[in-house]
Amino acid sequence: MIRYIRRAAGFCLLLLVALLLNAARVQVFEAPSLDNNPANRRTTIDRYDQPRGNILVDGRSVTGSKDTGEQLAYERTYRYGPLYAPVTGYASQTYGTTLIENAEDPILSGTASMLAPFPLWNEATRSRQPGGDVITTIKDSMQRAAYVGLGGRRGAVAAIEPATGKILALVSTPSYDPGRLSGTGSSVTDAWRELNADRSQPMLNRAFRQTYPPGSTFKIVTAAAALDSEVVTDPDAETDTPSPYVLPGTSTTLPDEASGCDTASLAEAIRVSCNTVMAHLGVQVGLKGMVNAVGRFGFNDTGLKIPSGVAKSNFDTDMSDDQLALSSIGQFDTTATPLQMAMVASAVANGGDLMYPHLVDRTTTHSGSTVHTTGSRSYHRAMSPQTASRLRRMMIDVVRDGTGTNAAIDGTTVGGKTGTAQHGVGNSGTPYAWFISWAQAQDSARPAVAVAVVVEDAAADRADISGGGNAAPIARSVMEAALRD
Amino acid sequence: MTATTADAPPPELRLPKRRGVELSLLIGAVLISVYGYAAVGLARNGVVPPDVAGYGGGLGLLALLAHLAVRFRAPYADPLLLPIAVLLNGLGLVLIYRLDLETPRDQAAPTQLVWSTLGVAFFIAVVVFLRDHRVLQRYAYLSVATALVLMIVPIFFPAVNGAKIWIRVGGFSFQPGEFAKILLAVFFAAYLAANRNALAYTGRKIWKLQLPTGRVLGPIVAIWLLSVGVLVLERDLGTSLLFFGLFVIMLYVATGRIGWIAVGLLLAAVGAFVVGSFEPHVHSRVQDWIDPFASIDAGRGPGQLAQSLFAFAAGGMLGTGLGLGHSILIGFAAKSDFILATAGEELGLTGLTAIFMLYALLVARGYRAGLALRDSFGRLLSIGLSSILALQVFVIAGGVMGLIPLTGMAMPFLAQGGSSVVTNWIIVALLIRVSDVARRPHPDQVETGVIAPILEDEL
């Protein structure tokens, strides 16, 4: 019997070995795929079991976290939610994250390995660090000035510090409170449905996720191309463009709204915004030259990140000359985000050197030590310094006695360019009012700010809608805020 | 067996009783449990639970009483059995207490503590009043009759969570199948001890298999039909598997005939296939086992088994730490059938291995007692009782970890369940009893009134 008992014991040992091998299989070898199974709630629960790090503006937090006592413990809260929604995005337990909440999620949620005191610390201890903070480049006063200036109309403002590429204001209106999407449950799904159904599209980020025909503000880009390619060598010399101008290869004539455009000089064409001169210059530069020039400003770049991805601003690379002519005055298929047009103004203000725009200044651990700093770096040399200097003077003239006088600030050098973009079938839509500008205090060596403003539905009579009338005052108040600091 | 020692044992040689070892191990077991209890409180609330002294004192008192019963009534018993039982029971209480924190409206730990106390009381009663395990041999047929009644009664009670294995009287419920395990083991041991030779050496020989005669084939067929009957009527795959495995192991140990194993496996396979294919409750379990994530793919979210696998995976090598896992996601059976998932998640592969080793040690000590005994009944009984533990651990652990189809069974001592914890304490008490006899130095000096003649083993 003893032999059989031993064999039975051997059988039990076999069962034990099977259990141990199976335990190792599940807990070690299959663990990664089980952990990553989308139906496994643990990742989600862990993610929300500590307060999220904060997003800071001017040293103050515009976000917070509250413990709900539920399975997903911590929910995001927002201070001045609608004001900062185009910057922060939302961090929703139901709908995920967007914008900075998304781009900096590893820091904010504490999973970034850089937050750990030692390399591989988190992996070895299976622990997470407290959420780190994200310090933005936004200036509260400018953000507010832009938000108040837009006054709930559909539109957007983007402001950049030309010398560094820091984004100082990023506003899109009408906006929404991201806190409404934070948690779970019917109030969140209801808010989501309501925001998505809203015809004014409050969750659309118009500042850098939406493109518009840039209209006459694009003439700065065309002017830069004409000067750099030496199609124009003297900005004050007459050009051989008749007004109206017949689009090449067609019998369509392009009229001017301004007077005095016939054979006007480049400087004059910018000051009073002549369509004819600029369209002709675009054709003279040629498709290849134009495409190269716009690329240096950031058009057609699909990889621009601030750190969230920026919508591609478009300038067609395959066009006939008549289309090129229209494109050169910011019509046809030419589209730009407000951020893109702020970059155009910024490049002019910064002597032709376009700095890479960025929204995050640095990230820190929970205790405040810096994890990563976004340094200033050059994006492209958009134009030669001489061209930049000439364009600066032309933009100053626009504000001094051209179409952009509404942007003038006493005791400050301000350059600008207006735009009124036609759109819709047969140009039937309410035109978009544009204004791009930059400002430099007279005692300062460098311009303080470059701004782009677009107002979609300016509530004035159609005839009065213009970049100078509707958009320039907003740009002025944003620039004034920048100069006060 | 060597004959030399029996002839002239050295008079001075006293075999060690090892009661001091048992006491030290018990203190260790209680301390580990108290530490676990405190760890849960610290992890969850940052403070040691205020009633940790009461909990530790209570567990310590139970352990002490059990120890005193062993010290005075079974002084030669194996010193590992009781500490392992106390440690597993203490650990089970910690895990249930920890899961109670997730279900504020459903507190299971206090009830489990009452049942554990009752279990220890039964343990003491068995150790104190059962003077010799061979007494049980007399009651073989009474045992099997009682077992059958116990198993059949739940059929007349409503099903709970799909299985008709409960008797409910008022607010009080218990699982009679649990007690039936012991009674069946007693019956099998007695029957096989009496009929070993007839089973082993008669019957026709087909090819290389020597099959028994029809007369002795009767009981195994009866037991098989019984197990399938229980399974179908009560939808309890686990218990029928356990009974069947138990019977085959004991039969093999008694007769040494591989043929029995072959017949057993064949019958089990046929039974399992038929039931697995046609009984919807069991069929769904088999489907779950084949693809635990089917419900996820179908958009219905993870099922219990998938949740259990997630829990084990989350534990990894070292576990999340007591109180810091999320095995409550498993749902309603987290404290009972799936308690091992909590251990796997919060103690990791390391803790799980330790727990398996404790069970293995318990089983091994039972087998060891069986080896050392000289009466066939005692041997078969201790092998049977140990095998119940081994099979039960394998069936439920294999089930919740996706090794075999899941069957509703309780992890011995760990899982929530009064009948189970009481039954397991009685099993350990019986093992203490047989190990006491096995390790006693002078079998000739056992008190007079020996019930069965001590059979020298012929092998």
# chains A, B, ... in the order shown; residues from 1 in each chain; ligands from 1
$ interface_residues --of "chain B" --to "chain A" --cutoff "6 Å" --atoms "only C-alpha atoms" --output "ChimeraX atom specification"
/B:253,256,310,312-313,316,459
$ residues_around --residues "range 220-237 of chain A" --least-positions-apart "5" --cutoff "9 Å" --atoms "only C-alpha atoms" --output "ChimeraX atom specification"
/A:264-268,270,278-279,281-282,284-285,289-290,292-294,297,328-329,344-345,348,382-384,386-388,390-391,394-395,417
$ select_by_dssp --residues "range 141-207 of chain A" --states "alpha helix (DSSP H)" --output "NGL selection string"
:A and (141-150 or 186-197)
$ write_last_selection --atoms "N, CA and C atoms" --output "PDB file, in the first residue's frame"
ATOM      1  N   SER A 141      -3.966  88.329 -17.800  1.00  0.00           N
ATOM      2  CA  SER A 141      -4.586  89.604 -18.177  1.00  0.00           C
ATOM      3  C   SER A 141      -4.902  89.637 -19.675  1.00  0.00           C
ATOM      4  N   MET A 142      -4.006  89.055 -20.478  1.00  0.00           N
ATOM      5  CA  MET A 142      -4.227  89.060 -21.923  1.00  0.00           C
ATOM      6  C   MET A 142      -5.348  88.103 -22.304  1.00  0.00           C
ATOM      7  N   GLN A 143      -5.360  86.958 -21.641  1.00  0.00           N
ATOM      8  CA  GLN A 143      -6.409  85.980 -21.905  1.00  0.00           C
ATOM      9  C   GLN A 143      -7.781  86.613 -21.635  1.00  0.00           C
ATOM     10  N   ARG A 144      -7.854  87.315 -20.496  1.00  0.00           N
ATOM     11  CA  ARG A 144      -9.116  87.951 -20.132  1.00  0.00           C
ATOM     12  C   ARG A 144      -9.478  89.064 -21.117  1.00  0.00           C
ATOM     13  N   ALA A 145      -8.474  89.861 -21.500  1.00  0.00           N
ATOM     14  CA  ALA A 145      -8.740  90.958 -22.437  1.00  0.00           C
ATOM     15  C   ALA A 145      -9.309  90.409 -23.741  1.00  0.00           C
ATOM     16  N   ALA A 146      -8.731  89.320 -24.209  1.00  0.00           N
ATOM     17  CA  ALA A 146      -9.201  88.729 -25.463  1.00  0.00           C
ATOM     18  C   ALA A 146     -10.614  88.167 -25.301  1.00  0.00           C
ATOM     19  N   TYR A 147     -10.829  87.486 -24.161  1.00  0.00           N
ATOM     20  CA  TYR A 147     -12.126  86.856 -23.933  1.00  0.00           C
ATOM     21  C   TYR A 147     -13.224  87.912 -23.827  1.00  0.00           C
ATOM     22  N   VAL A 148     -12.928  88.961 -23.071  1.00  0.00           N
ATOM     23  CA  VAL A 148     -13.903  90.039 -22.918  1.00  0.00           C
ATOM     24  C   VAL A 148     -14.121  90.739 -24.255  1.00  0.00           C
ATOM     25  N   GLY A 149     -13.022  90.947 -24.984  1.00  0.00           N
ATOM     26  CA  GLY A 149     -13.103  91.633 -26.266  1.00  0.00           C
ATOM     27  C   GLY A 149     -13.998  90.893 -27.255  1.00  0.00           C
ATOM     28  N   LEU A 150     -13.885  89.589 -27.293  1.00  0.00           N
ATOM     29  CA  LEU A 150     -14.725  88.812 -28.217  1.00  0.00           C
ATOM     30  C   LEU A 150     -16.183  88.844 -27.766  1.00  0.00           C
ATOM     31  N   SER A 186     -25.054  60.601 -15.673  1.00  0.00           N
ATOM     32  CA  SER A 186     -25.938  61.188 -16.679  1.00  0.00           C
ATOM     33  C   SER A 186     -25.699  62.682 -16.843  1.00  0.00           C
ATOM     34  N   SER A 187     -25.284  63.382 -15.769  1.00  0.00           N
ATOM     35  CA  SER A 187     -25.088  64.824 -15.927  1.00  0.00           C
ATOM     36  C   SER A 187     -23.953  65.076 -16.930  1.00  0.00           C
ATOM     37  N   VAL A 188     -22.958  64.203 -16.916  1.00  0.00           N
ATOM     38  CA  VAL A 188     -21.833  64.365 -17.846  1.00  0.00           C
ATOM     39  C   VAL A 188     -22.262  64.015 -19.275  1.00  0.00           C
ATOM     40  N   THR A 189     -22.972  62.910 -19.415  1.00  0.00           N
ATOM     41  CA  THR A 189     -23.384  62.533 -20.772  1.00  0.00           C
ATOM     42  C   THR A 189     -24.382  63.541 -21.334  1.00  0.00           C
ATOM     43  N   ASP A 190     -25.225  64.087 -20.455  1.00  0.00           N
ATOM     44  CA  ASP A 190     -26.166  65.117 -20.917  1.00  0.00           C
ATOM     45  C   ASP A 190     -25.415  66.362 -21.382  1.00  0.00           C
ATOM     46  N   ALA A 191     -24.426  66.777 -20.577  1.00  0.00           N
ATOM     47  CA  ALA A 191     -23.647  67.961 -20.939  1.00  0.00           C
ATOM     48  C   ALA A 191     -22.933  67.733 -22.270  1.00  0.00           C
ATOM     49  N   TRP A 192     -22.400  66.523 -22.421  1.00  0.00           N
ATOM     50  CA  TRP A 192     -21.692  66.172 -23.664  1.00  0.00           C
ATOM     51  C   TRP A 192     -22.614  66.277 -24.867  1.00  0.00           C
ATOM     52  N   ARG A 193     -23.796  65.714 -24.704  1.00  0.00           N
ATOM     53  CA  ARG A 193     -24.739  65.723 -25.815  1.00  0.00           C
ATOM     54  C   ARG A 193     -25.154  67.154 -26.148  1.00  0.00           C
ATOM     55  N   GLU A 194     -25.397  67.920 -25.094  1.00  0.00           N
ATOM     56  CA  GLU A 194     -25.840  69.296 -25.291  1.00  0.00           C
ATOM     57  C   GLU A 194     -24.757  70.139 -25.980  1.00  0.00           C
ATOM     58  N   LEU A 195     -23.501  69.988 -25.513  1.00  0.00           N
ATOM     59  CA  LEU A 195     -22.407  70.774 -26.096  1.00  0.00           C
ATOM     60  C   LEU A 195     -22.167  70.398 -27.550  1.00  0.00           C
ATOM     61  N   ASN A 196     -22.326  69.116 -27.848  1.00  0.00           N
ATOM     62  CA  ASN A 196     -22.106  68.680 -29.225  1.00  0.00           C
ATOM     63  C   ASN A 196     -23.229  69.103 -30.153  1.00  0.00           C
ATOM     64  N   ALA A 197     -24.434  69.234 -29.571  1.00  0.00           N
ATOM     65  CA  ALA A 197     -25.579  69.610 -30.408  1.00  0.00           C
ATOM     66  C   ALA A 197     -25.653  71.124 -30.610  1.00  0.00           C
TER      67      ALA A 197
END
$ residues_around --residues "Phe122 in chain B" --least-positions-apart "5" --cutoff "12 Å" --atoms "only C-alpha atoms" --output "list in words"
Leu62, Leu65, Ala66, Ala69, Trp115, Ser116, Thr117, Val127, Val128, Phe129, Leu130, Ser419, Val421, Val422, Thr423, Asn424, Trp425, Ile426, Ile427, Val428, Ala429 and Leu430 of chain B
$ residues_around --residues "Gly303 in chain B" --least-positions-apart "2" --cutoff "9 Å" --atoms "only C-alpha atoms" --output "count of residues only"
13
$ atom_distance --atom1 "CA of Val70 in chain B" --atom2 "CA of Leu23 in chain B"
10.5 Å
$ closest_residue --among "B:Leu267, B:Leu406, B:Val153, B:Ala369" --to "Ile432 in chain B" --atoms "only C-alpha atoms"
B:Ala369
$ residues_around --residues "Phe315 in chain A" --least-positions-apart "2" --cutoff "8 Å" --atoms "only C-alpha atoms" --output "list of chain:residue names"
A:Val291, A:Val294, A:Phe299, A:Asn300, A:Ser313, A:Thr317, A:Ser327, A:Asp333, A:Thr334, A:Thr335
$ decode --residues "range 54-68 of chain A" --atoms "N, CA and C atoms" --output "mmCIF file, in the first residue's frame"
data_model
loop_
_atom_site.group_PDB
_atom_site.id
_atom_site.type_symbol
_atom_site.label_atom_id
_atom_site.label_comp_id
_atom_site.auth_asym_id
_atom_site.auth_seq_id
_atom_site.Cartn_x
_atom_site.Cartn_y
_atom_site.Cartn_z
ATOM 1 N N ASN A 54 -1.832 70.081 -11.522
ATOM 2 C CA ASN A 54 -2.569 71.255 -11.950
ATOM 3 C C ASN A 54 -1.929 71.965 -13.129
ATOM 4 N N ILE A 55 -2.750 72.752 -13.786
ATOM 5 C CA ILE A 55 -2.301 73.593 -14.894
ATOM 6 C C ILE A 55 -2.279 75.022 -14.382
ATOM 7 N N LEU A 56 -1.137 75.667 -14.534
ATOM 8 C CA LEU A 56 -0.958 76.982 -13.913
ATOM 9 C C LEU A 56 -0.884 78.091 -14.948
ATOM 10 N N VAL A 57 -1.506 79.216 -14.606
ATOM 11 C CA VAL A 57 -1.418 80.431 -15.407
ATOM 12 C C VAL A 57 -0.947 81.535 -14.491
ATOM 13 N N ASP A 58 0.158 82.194 -14.852
ATOM 14 C CA ASP A 58 0.701 83.273 -14.018
ATOM 15 C C ASP A 58 0.894 82.817 -12.571
ATOM 16 N N GLY A 59 1.342 81.568 -12.388
ATOM 17 C CA GLY A 59 1.610 81.079 -11.037
ATOM 18 C C GLY A 59 0.396 80.633 -10.261
ATOM 19 N N ARG A 60 -0.779 80.781 -10.851
ATOM 20 C CA ARG A 60 -1.982 80.349 -10.147
ATOM 21 C C ARG A 60 -2.626 79.195 -10.898
ATOM 22 N N SER A 61 -3.159 78.278 -10.119
ATOM 23 C CA SER A 61 -3.751 77.098 -10.724
ATOM 24 C C SER A 61 -5.128 77.412 -11.300
ATOM 25 N N VAL A 62 -5.372 76.998 -12.521
ATOM 26 C CA VAL A 62 -6.708 77.190 -13.095
ATOM 27 C C VAL A 62 -7.495 75.881 -13.068
ATOM 28 N N THR A 63 -6.893 74.851 -12.446
ATOM 29 C CA THR A 63 -7.577 73.568 -12.331
ATOM 30 C C THR A 63 -7.534 73.123 -10.880
ATOM 31 N N GLY A 64 -8.260 72.082 -10.584
ATOM 32 C CA GLY A 64 -8.250 71.493 -9.254
ATOM 33 C C GLY A 64 -8.751 70.069 -9.350
ATOM 34 N N SER A 65 -8.778 69.387 -8.203
ATOM 35 C CA SER A 65 -9.299 68.021 -8.155
ATOM 36 C C SER A 65 -10.150 67.886 -6.917
ATOM 37 N N LYS A 66 -11.224 67.136 -7.030
ATOM 38 C CA LYS A 66 -12.017 66.891 -5.818
ATOM 39 C C LYS A 66 -12.274 65.396 -5.671
ATOM 40 N N ASP A 67 -12.256 64.952 -4.422
ATOM 41 C CA ASP A 67 -12.480 63.540 -4.116
ATOM 42 C C ASP A 67 -13.983 63.294 -4.037
ATOM 43 N N THR A 68 -14.485 62.475 -4.932
ATOM 44 C CA THR A 68 -15.921 62.227 -4.958
ATOM 45 C C THR A 68 -16.316 61.065 -4.065
#
